[in-house]
Structure formats: C-alpha cells, structure tokens
Amino acid sequence: MKILAITNQKGGVGKTTTSVNLAACLATLGQRVLLIDLDPQGNATTGCGIFKKEALPSVYQILLGAATLEQATIKTEFGFDVIPANRELAGAEVELIDVGQRERRLKEALDGQAYDFVLIDCPPALNLLTVNALAAAQAVMIPMQCEYYALEGLTDLVTTLRKVRANLNPALEIEGLLRTMYNSQSTLNQQVSAELESHFSGKVYRTVIPRNVRLAEAPSYGKPVIAFDKTSKGALSYLALAEEMLERIGGAPRQQEVAA
Ligand code: ADP
Ligand code: MG
C-alpha cells in the first residue's frame with residue numbers, strides 16, 4: 001500500500017484537482033484507491049459528487065477516535081473510495097491539543113488497510129492536519145505552478161519535511177513534483193520549470209498538467225474529469241501521470257532483482 005500526501009502549503013496550486021483526478025485515473029487503471037479529504041474546505045469531497053454537509057462520519061470523527069475508517073468510507077461511482085471532510089474539521093486542531101499521539105491519529109486509522117494507493121488531499125497550511133498526513137505517508141507529491149515564488153515556497157516545504165523526518169517519520173520521501181496549470185508558451189513557466197529540474201532532478205514528473213478549462217469545470221458537476229470529458233487534455237494528462245507513477249513503482253523491484 002502506497003500512502004501519498006498531496007501537499008503544498010500554497011493554496012490554488014492544484015492539490016485537490018490532482019487528488020481527485022489521480023484517484024479516478026489510478027482506479028481506471030485497475031488500482032484500489034482511497035482518497036482522504038483532509039481539508040476543511042471539503043473540495044475533494046464535493047468534487048467526487050458527495051454532499052459534504054451530509055457526510056457523516058467524516059475524517060474529523062476518525063481523527064478524534066469517534067469513528068473507524070470503515071465507518072467513514074464512501075464508495076464512489078468512479079471506482080475509488082473517499083473519506084469525506086467538511087467545515088467541522090477546522091476545529092480538530094484545537095480539539096486534539098489534549099489528545100496523546102495527536103500527530104499520528106491518521107496513521108493509526110490507516111493501519112491494516114489494503115488499498116494499492118491512499119491519496120491524502122492536504123489543506124493549504126503546514127498545520128496539525130498536514131502533519132497528520134506527513135506522519136501517515138510514505139512520500140509526498142507536490143503539485144506546483146511554475147510561477148515566480150514557487151521555488152521559495154518549495155524551500156519552506158522541504159524544511160518542514162526535514163523536521164517531520166527528524167521527529168515523526170524518518171522514511172518520508174519526496175515521491176515527485178508535479179507541474180500544474182502549465183502553459184508551454186509562457187517564458188516564465190519554462191524558466192521556473194528548468195530551475196525545478198536542475199534542483200530536483202529525477203523527482204520532477206515527466207508528465208505536465210496543462211491549464212485546461214475542463215479540469216476547472218468538472219468539480220461543479222461533482223465528477224473527476226475522466227468521467228466528465230474523457231478526451232479532454234486534462235483527462236489525458238492525469239491518465240498519463242497515473243501511468244507514469246505505476247511505471248516508476250513497477251520499475252523499483254525489478255532493479256532490486258538485478259542488483260541481487
Ligand atoms: P488547491 O487544492 O491547491 O487549493 P485546486 O486544485 O483547488 O488547488 O485548484 C485551484 C483552482 O484552479 C480551482 O478552481 C481548479 O479548478 C483550478 N485548476 C486546477 N488545476 C487546473 C488546470 N490544470 N487547469 C485549469 N484549472 C485548474
Ligand atoms: Mg484544495
């Protein structure tokens with residue numbers, strides 16, 4: 001089971017769009033996928049066609065120990081499962097203050113699950129919710145726009161990852177950096193992209209997600225783009241990303257066999 005935190009403390013970089021669409025594309029490729037919405041805004045929940053106000057229990061009850069993962073799991077028509085979130089989750093930070101092991105609540109809840117992929121859609125902050133995701137995950141996927149301040153934000157995130165490794169989760173890795181809302185005509189996008197590749201060589205996904213209006217429209221229909229317009233550039237690029245991920249993961253054991 002691969003647990004990935006989809007994170008970037010910046011808002012509006014495509015975390016939720018990536019979480020929902022990657023979940024749908026991995027499921028289309030035959031993977032068993034659980035998507036966990038860990039943002040009080042509940043956009044990933046809504047984006048899967050779930051009414052967030054009626055979603056009970058949600059990830060909030062799981063974190064507080066008032067529900068099990070199974071009790072909160074919703075099966076979607078898109079072939080993957082969702083743990084929903086809503087406004088209630090905003091209170092979790094304060095309510096967990098007196099709770100022991102409060103950074104490991106999500107990790108404990110995921111114990112013994114049998115999915116191929118667990119994708120955690122993080123809030124746009126480096127708070128206790130995000131720390132719960134980073135403690136539970138084996139690796140982080142970082143969606144980012146190739147804009148002027150992107151690299152600066154990345155430095156903060158890398159510092160946080162270092163602290164989490166030192167204190168909570170020594171094995172936490174960077175799974176990959178994903179360029180989102182990319183415009184290949186933009187000189188700035190090209191420059192930042194080139195810098196990214198030189199700083200994080202081998203970690204930047206070959207697949208790039210272009211700016212595509214269908215990706216922005218799909219959530220208002222409560223659907224991943226692949227179920228909304230499967231021939232759109234947005235759908236094809238997230239499918240390519242899912243394939244690239246499986247290729248990377250599939251490649252690792254074979255290399256080990258050769259080494260042995
Ligand atoms: P985050 O979760 O990081 O805050 P979102 O995934 O919610 O970011 O994306 C922010 C906004 O940009 C949303 O309105 C979303 O629909 C839109 N968006 C995200 N990715 C794309 C894309 N590749 N093309 C066009 N619009 C996008
Ligand atoms: Mg979001």
# chains A, B, ... in the order shown; residues from 1 in each chain; ligands from 1
>>> closest_atom_pairs(of="chain A", to="ligand 2", cutoff="12 Å", atoms="only C-alpha atoms and all ligand atoms", output="CSV")
residue,atom,partner,partner_atom_place_in_ligand_line,distance
A:Ile6,CA,ligand 2,1 (Mg),9.5
A:Thr7,CA,ligand 2,1 (Mg),9.1
A:Asn8,CA,ligand 2,1 (Mg),9.5
A:Gln9,CA,ligand 2,1 (Mg),10.0
A:Lys10,CA,ligand 2,1 (Mg),9.5
A:Gly11,CA,ligand 2,1 (Mg),6.7
A:Gly12,CA,ligand 2,1 (Mg),6.7
A:Val13,CA,ligand 2,1 (Mg),8.1
A:Gly14,CA,ligand 2,1 (Mg),6.8
A:Lys15,CA,ligand 2,1 (Mg),5.2
A:Thr16,CA,ligand 2,1 (Mg),4.1
A:Thr17,CA,ligand 2,1 (Mg),7.3
A:Thr18,CA,ligand 2,1 (Mg),9.1
A:Ser19,CA,ligand 2,1 (Mg),8.7
A:Val20,CA,ligand 2,1 (Mg),10.0
A:Ile36,CA,ligand 2,1 (Mg),11.8
A:Asp37,CA,ligand 2,1 (Mg),8.9
A:Leu38,CA,ligand 2,1 (Mg),9.0
A:Asp39,CA,ligand 2,1 (Mg),6.7
A:Pro40,CA,ligand 2,1 (Mg),9.3
A:Gln41,CA,ligand 2,1 (Mg),7.4
A:Gly42,CA,ligand 2,1 (Mg),7.9
A:Asn43,CA,ligand 2,1 (Mg),6.1
A:Ala44,CA,ligand 2,1 (Mg),7.0
A:Thr45,CA,ligand 2,1 (Mg),10.3
A:Thr46,CA,ligand 2,1 (Mg),11.0
A:Gly47,CA,ligand 2,1 (Mg),10.3
A:Ala85,CA,ligand 2,1 (Mg),11.5
A:Ile120,CA,ligand 2,1 (Mg),10.6
A:Asp121,CA,ligand 2,1 (Mg),6.8
A:Cys122,CA,ligand 2,1 (Mg),6.9
A:Pro123,CA,ligand 2,1 (Mg),6.1
A:Pro124,CA,ligand 2,1 (Mg),6.8
A:Ala125,CA,ligand 2,1 (Mg),10.4
A:Pro143,CA,ligand 2,1 (Mg),10.8
A:Pro219,CA,ligand 2,1 (Mg),11.7
>>> residues_around(residues="Leu134 (chain A)", least_positions_apart="5", cutoff="9 Å", atoms="only C-alpha atoms", output="JSON, numbers by chain")
{"A": [4, 5, 7, 103, 129, 139, 140, 161, 164, 168, 169, 172]}
>>> write_last_selection(atoms="C-alpha atoms", output="tab-separated table (two decimals), in the first residue's frame")
chain	number	residue	atom	x	y	z
A	4	LEU	CA	0.90	9.67	-0.60
A	5	ALA	CA	0.30	13.10	0.91
A	7	THR	CA	0.75	18.72	-0.31
A	103	GLU	CA	0.21	13.74	15.09
A	129	LEU	CA	-3.78	18.26	9.81
A	139	ALA	CA	6.01	10.01	0.42
A	140	VAL	CA	4.72	13.41	-0.68
A	161	LEU	CA	9.78	17.68	5.50
A	164	VAL	CA	8.98	15.68	10.08
A	168	LEU	CA	7.94	11.70	13.30
A	169	ASN	CA	8.54	9.82	10.10
A	172	LEU	CA	9.27	10.15	4.45
>>> closest_residue(among="A:Asn86, A:Asn212, A:Thr160, A:Asn21", to="ligand 1", atoms="only C-alpha atoms and all ligand atoms")
A:Asn212
>>> residues_around(residues="Glu95 (chain A)", least_positions_apart="5", cutoff="12 Å", atoms="only C-alpha atoms", output="PDB file with C-alpha atoms, in the first residue's frame")
ATOM      1  CA  TYR A  60     -12.934  14.602  11.658  1.00  0.00           C
ATOM      2  CA  GLN A  61     -14.577  11.772  13.606  1.00  0.00           C
ATOM      3  CA  LEU A  63      -9.081  11.885  13.944  1.00  0.00           C
ATOM      4  CA  LEU A  64     -10.967  12.240  17.220  1.00  0.00           C
ATOM      5  CA  GLY A  65     -11.384   8.487  17.563  1.00  0.00           C
ATOM      6  CA  GLU A  88     -16.210  20.594  11.200  1.00  0.00           C
ATOM      7  CA  LEU A  89     -12.618  19.562  10.545  1.00  0.00           C
ATOM      8  CA  ALA A  90     -11.415  23.120  11.165  1.00  0.00           C
ATOM      9  CA  GLY A 100      -1.919  11.786  23.073  1.00  0.00           C
ATOM     10  CA  ARG A 102      -2.094  13.655  18.123  1.00  0.00           C
ATOM     11  CA  LEU A 128      -1.571  19.676  12.556  1.00  0.00           C
ATOM     12  CA  LEU A 129      -3.781  18.263   9.812  1.00  0.00           C
TER      13      LEU A 129
END
>>> closest_residue(among="A:Ala235, A:Thr207, A:Asp98, A:Leu177", to="Leu157 (chain A)", atoms="only C-alpha atoms")
A:Leu177
>>> residues_around(residues="Gln190 (chain A)", least_positions_apart="5", cutoff="12 Å", atoms="only C-alpha atoms", output="list in words")
Gln145, Cys146, Glu147, Tyr148, Arg179, Tyr182, Asn183, Ser184, Gln185, Glu195, Leu196, Glu197 and Val208 of chain A
>>> write_last_selection(atoms="C-alpha atoms", output="CSV table (one decimal), in the first residue's frame")
chain,number,residue,atom,x,y,z
A,145,GLN,CA,2.6,26.1,-10.6
A,146,CYS,CA,5.8,27.3,-12.3
A,147,GLU,CA,5.5,30.9,-11.1
A,148,TYR,CA,8.0,33.3,-9.6
A,179,ARG,CA,3.9,20.9,-12.7
A,182,TYR,CA,1.3,24.7,-17.2
A,183,ASN,CA,1.5,26.9,-20.2
A,184,SER,CA,4.2,25.8,-22.6
A,185,GLN,CA,4.1,29.2,-24.3
A,195,GLU,CA,15.2,25.5,-12.5
A,196,LEU,CA,13.0,22.9,-10.9
A,197,GLU,CA,14.5,20.2,-12.9
A,208,VAL,CA,3.0,18.0,-17.1
>>> residues_around(residues="Leu26 (chain A)", least_positions_apart="2", cutoff="12 Å", atoms="only C-alpha atoms", output="MDAnalysis selection string")
chainID A and resid 18:24 28:35 78:81 115:119 224 226 235 238:247
>>> select_by_dssp(residues="region 30-118 of chain A", states="alpha helix (DSSP H)", output="list in words")
Asn43, Ala44, Thr45, Thr46, Gly47, Val59, Tyr60, Gln61, Ile62, Leu63, Leu69, Glu70, Gln71, Ala72, Ala92, Glu93, Val94, Glu95, Arg105, Leu106, Lys107, Glu108, Ala109 and Leu110 of chain A
>>> write_last_selection(atoms="C-alpha atoms", output="PDB file, in the first residue's frame")
ATOM      1  CA  ASN A  43     -13.430  20.478  -2.086  1.00  0.00           C
ATOM      2  CA  ALA A  44     -12.216  16.957  -2.830  1.00  0.00           C
ATOM      3  CA  THR A  45     -15.425  15.629  -1.222  1.00  0.00           C
ATOM      4  CA  THR A  46     -17.656  17.874  -3.351  1.00  0.00           C
ATOM      5  CA  GLY A  47     -15.529  17.137  -6.425  1.00  0.00           C
ATOM      6  CA  VAL A  59     -12.311  12.358   8.637  1.00  0.00           C
ATOM      7  CA  TYR A  60     -12.934  14.602  11.658  1.00  0.00           C
ATOM      8  CA  GLN A  61     -14.577  11.772  13.606  1.00  0.00           C
ATOM      9  CA  ILE A  62     -11.708   9.467  12.604  1.00  0.00           C
ATOM     10  CA  LEU A  63      -9.081  11.885  13.944  1.00  0.00           C
ATOM     11  CA  LEU A  69     -12.022   4.386   8.770  1.00  0.00           C
ATOM     12  CA  GLU A  70     -14.513   1.775   7.533  1.00  0.00           C
ATOM     13  CA  GLN A  71     -17.441   3.689   9.036  1.00  0.00           C
ATOM     14  CA  ALA A  72     -16.464   6.877   7.207  1.00  0.00           C
ATOM     15  CA  ALA A  92      -9.827  19.381  15.022  1.00  0.00           C
ATOM     16  CA  GLU A  93      -6.595  21.270  15.619  1.00  0.00           C
ATOM     17  CA  VAL A  94      -7.846  22.713  18.929  1.00  0.00           C
ATOM     18  CA  GLU A  95      -9.736  19.601  19.988  1.00  0.00           C
ATOM     19  CA  ARG A 105      -4.123   9.789  14.527  1.00  0.00           C
ATOM     20  CA  LEU A 106      -4.450   9.316  10.765  1.00  0.00           C
ATOM     21  CA  LYS A 107      -1.548   6.876  10.588  1.00  0.00           C
ATOM     22  CA  GLU A 108      -3.167   4.692  13.259  1.00  0.00           C
ATOM     23  CA  ALA A 109      -6.522   4.809  11.484  1.00  0.00           C
ATOM     24  CA  LEU A 110      -4.905   3.562   8.252  1.00  0.00           C
TER      25      LEU A 110
END
>>> select_by_dssp(residues="region 11-133 of chain A", states="strand (DSSP E or B)", output="ChimeraX atom specification")
/A:33-37,74-75,81-83,117-121
>>> write_last_selection(atoms="N, CA and C atoms", output="mmCIF file, in the first residue's frame")
data_model
loop_
_atom_site.group_PDB
_atom_site.id
_atom_site.type_symbol
_atom_site.label_atom_id
_atom_site.label_comp_id
_atom_site.auth_asym_id
_atom_site.auth_seq_id
_atom_site.Cartn_x
_atom_site.Cartn_y
_atom_site.Cartn_z
ATOM 1 N N VAL A 33 -8.062 2.339 -4.776
ATOM 2 C CA VAL A 33 -7.648 3.670 -4.316
ATOM 3 C C VAL A 33 -8.587 4.214 -3.236
ATOM 4 N N LEU A 34 -7.967 4.783 -2.204
ATOM 5 C CA LEU A 34 -8.714 5.526 -1.191
ATOM 6 C C LEU A 34 -8.248 6.977 -1.232
ATOM 7 N N LEU A 35 -9.195 7.900 -1.379
ATOM 8 C CA LEU A 35 -8.892 9.332 -1.352
ATOM 9 C C LEU A 35 -9.357 9.888 -0.006
ATOM 10 N N ILE A 36 -8.448 10.502 0.732
ATOM 11 C CA ILE A 36 -8.816 11.097 2.020
ATOM 12 C C ILE A 36 -8.800 12.617 1.884
ATOM 13 N N ASP A 37 -9.949 13.228 2.135
ATOM 14 C CA ASP A 37 -10.041 14.697 2.108
ATOM 15 C C ASP A 37 -9.636 15.196 3.494
ATOM 16 N N ILE A 74 -16.799 6.105 1.903
ATOM 17 C CA ILE A 74 -17.891 6.181 0.923
ATOM 18 C C ILE A 74 -17.379 5.637 -0.414
ATOM 19 N N LYS A 75 -18.145 4.716 -0.996
ATOM 20 C CA LYS A 75 -17.777 4.200 -2.331
ATOM 21 C C LYS A 75 -18.330 5.153 -3.384
ATOM 22 N N ASP A 81 -12.687 4.886 -3.387
ATOM 23 C CA ASP A 81 -13.365 5.214 -2.128
ATOM 24 C C ASP A 81 -12.911 6.580 -1.621
ATOM 25 N N VAL A 82 -13.783 7.217 -0.836
ATOM 26 C CA VAL A 82 -13.468 8.552 -0.311
ATOM 27 C C VAL A 82 -13.771 8.615 1.187
ATOM 28 N N ILE A 83 -12.865 9.252 1.930
ATOM 29 C CA ILE A 83 -13.168 9.674 3.301
ATOM 30 C C ILE A 83 -13.448 11.175 3.199
ATOM 31 N N PHE A 117 -3.330 2.337 -3.337
ATOM 32 C CA PHE A 117 -2.945 3.739 -3.138
ATOM 33 C C PHE A 117 -3.881 4.431 -2.164
ATOM 34 N N VAL A 118 -3.301 5.196 -1.244
ATOM 35 C CA VAL A 118 -4.076 6.115 -0.421
ATOM 36 C C VAL A 118 -3.554 7.515 -0.748
ATOM 37 N N LEU A 119 -4.440 8.373 -1.237
ATOM 38 C CA LEU A 119 -4.060 9.749 -1.585
ATOM 39 C C LEU A 119 -4.679 10.683 -0.555
ATOM 40 N N ILE A 120 -3.856 11.535 0.047
ATOM 41 C CA ILE A 120 -4.371 12.450 1.073
ATOM 42 C C ILE A 120 -4.301 13.882 0.553
ATOM 43 N N ASP A 121 -5.471 14.508 0.384
ATOM 44 C CA ASP A 121 -5.542 15.892 -0.099
ATOM 45 C C ASP A 121 -5.371 16.831 1.104
#
>>> closest_residue(among="A:Ser220, A:Asn132, A:Thr76, A:Ser186", to="ligand 1", atoms="only C-alpha atoms and all ligand atoms")
A:Ser220
>>> closest_residue(among="A:Gly49, A:Gly112, A:Pro210, A:Gly202", to="ligand 1", atoms="only C-alpha atoms and all ligand atoms")
A:Pro210
>>> atom_distance(atom1="CA of Leu126 (chain A)", atom2="atom 18 (N, counted along the ligand's line) of ligand 1")
21.1 Å
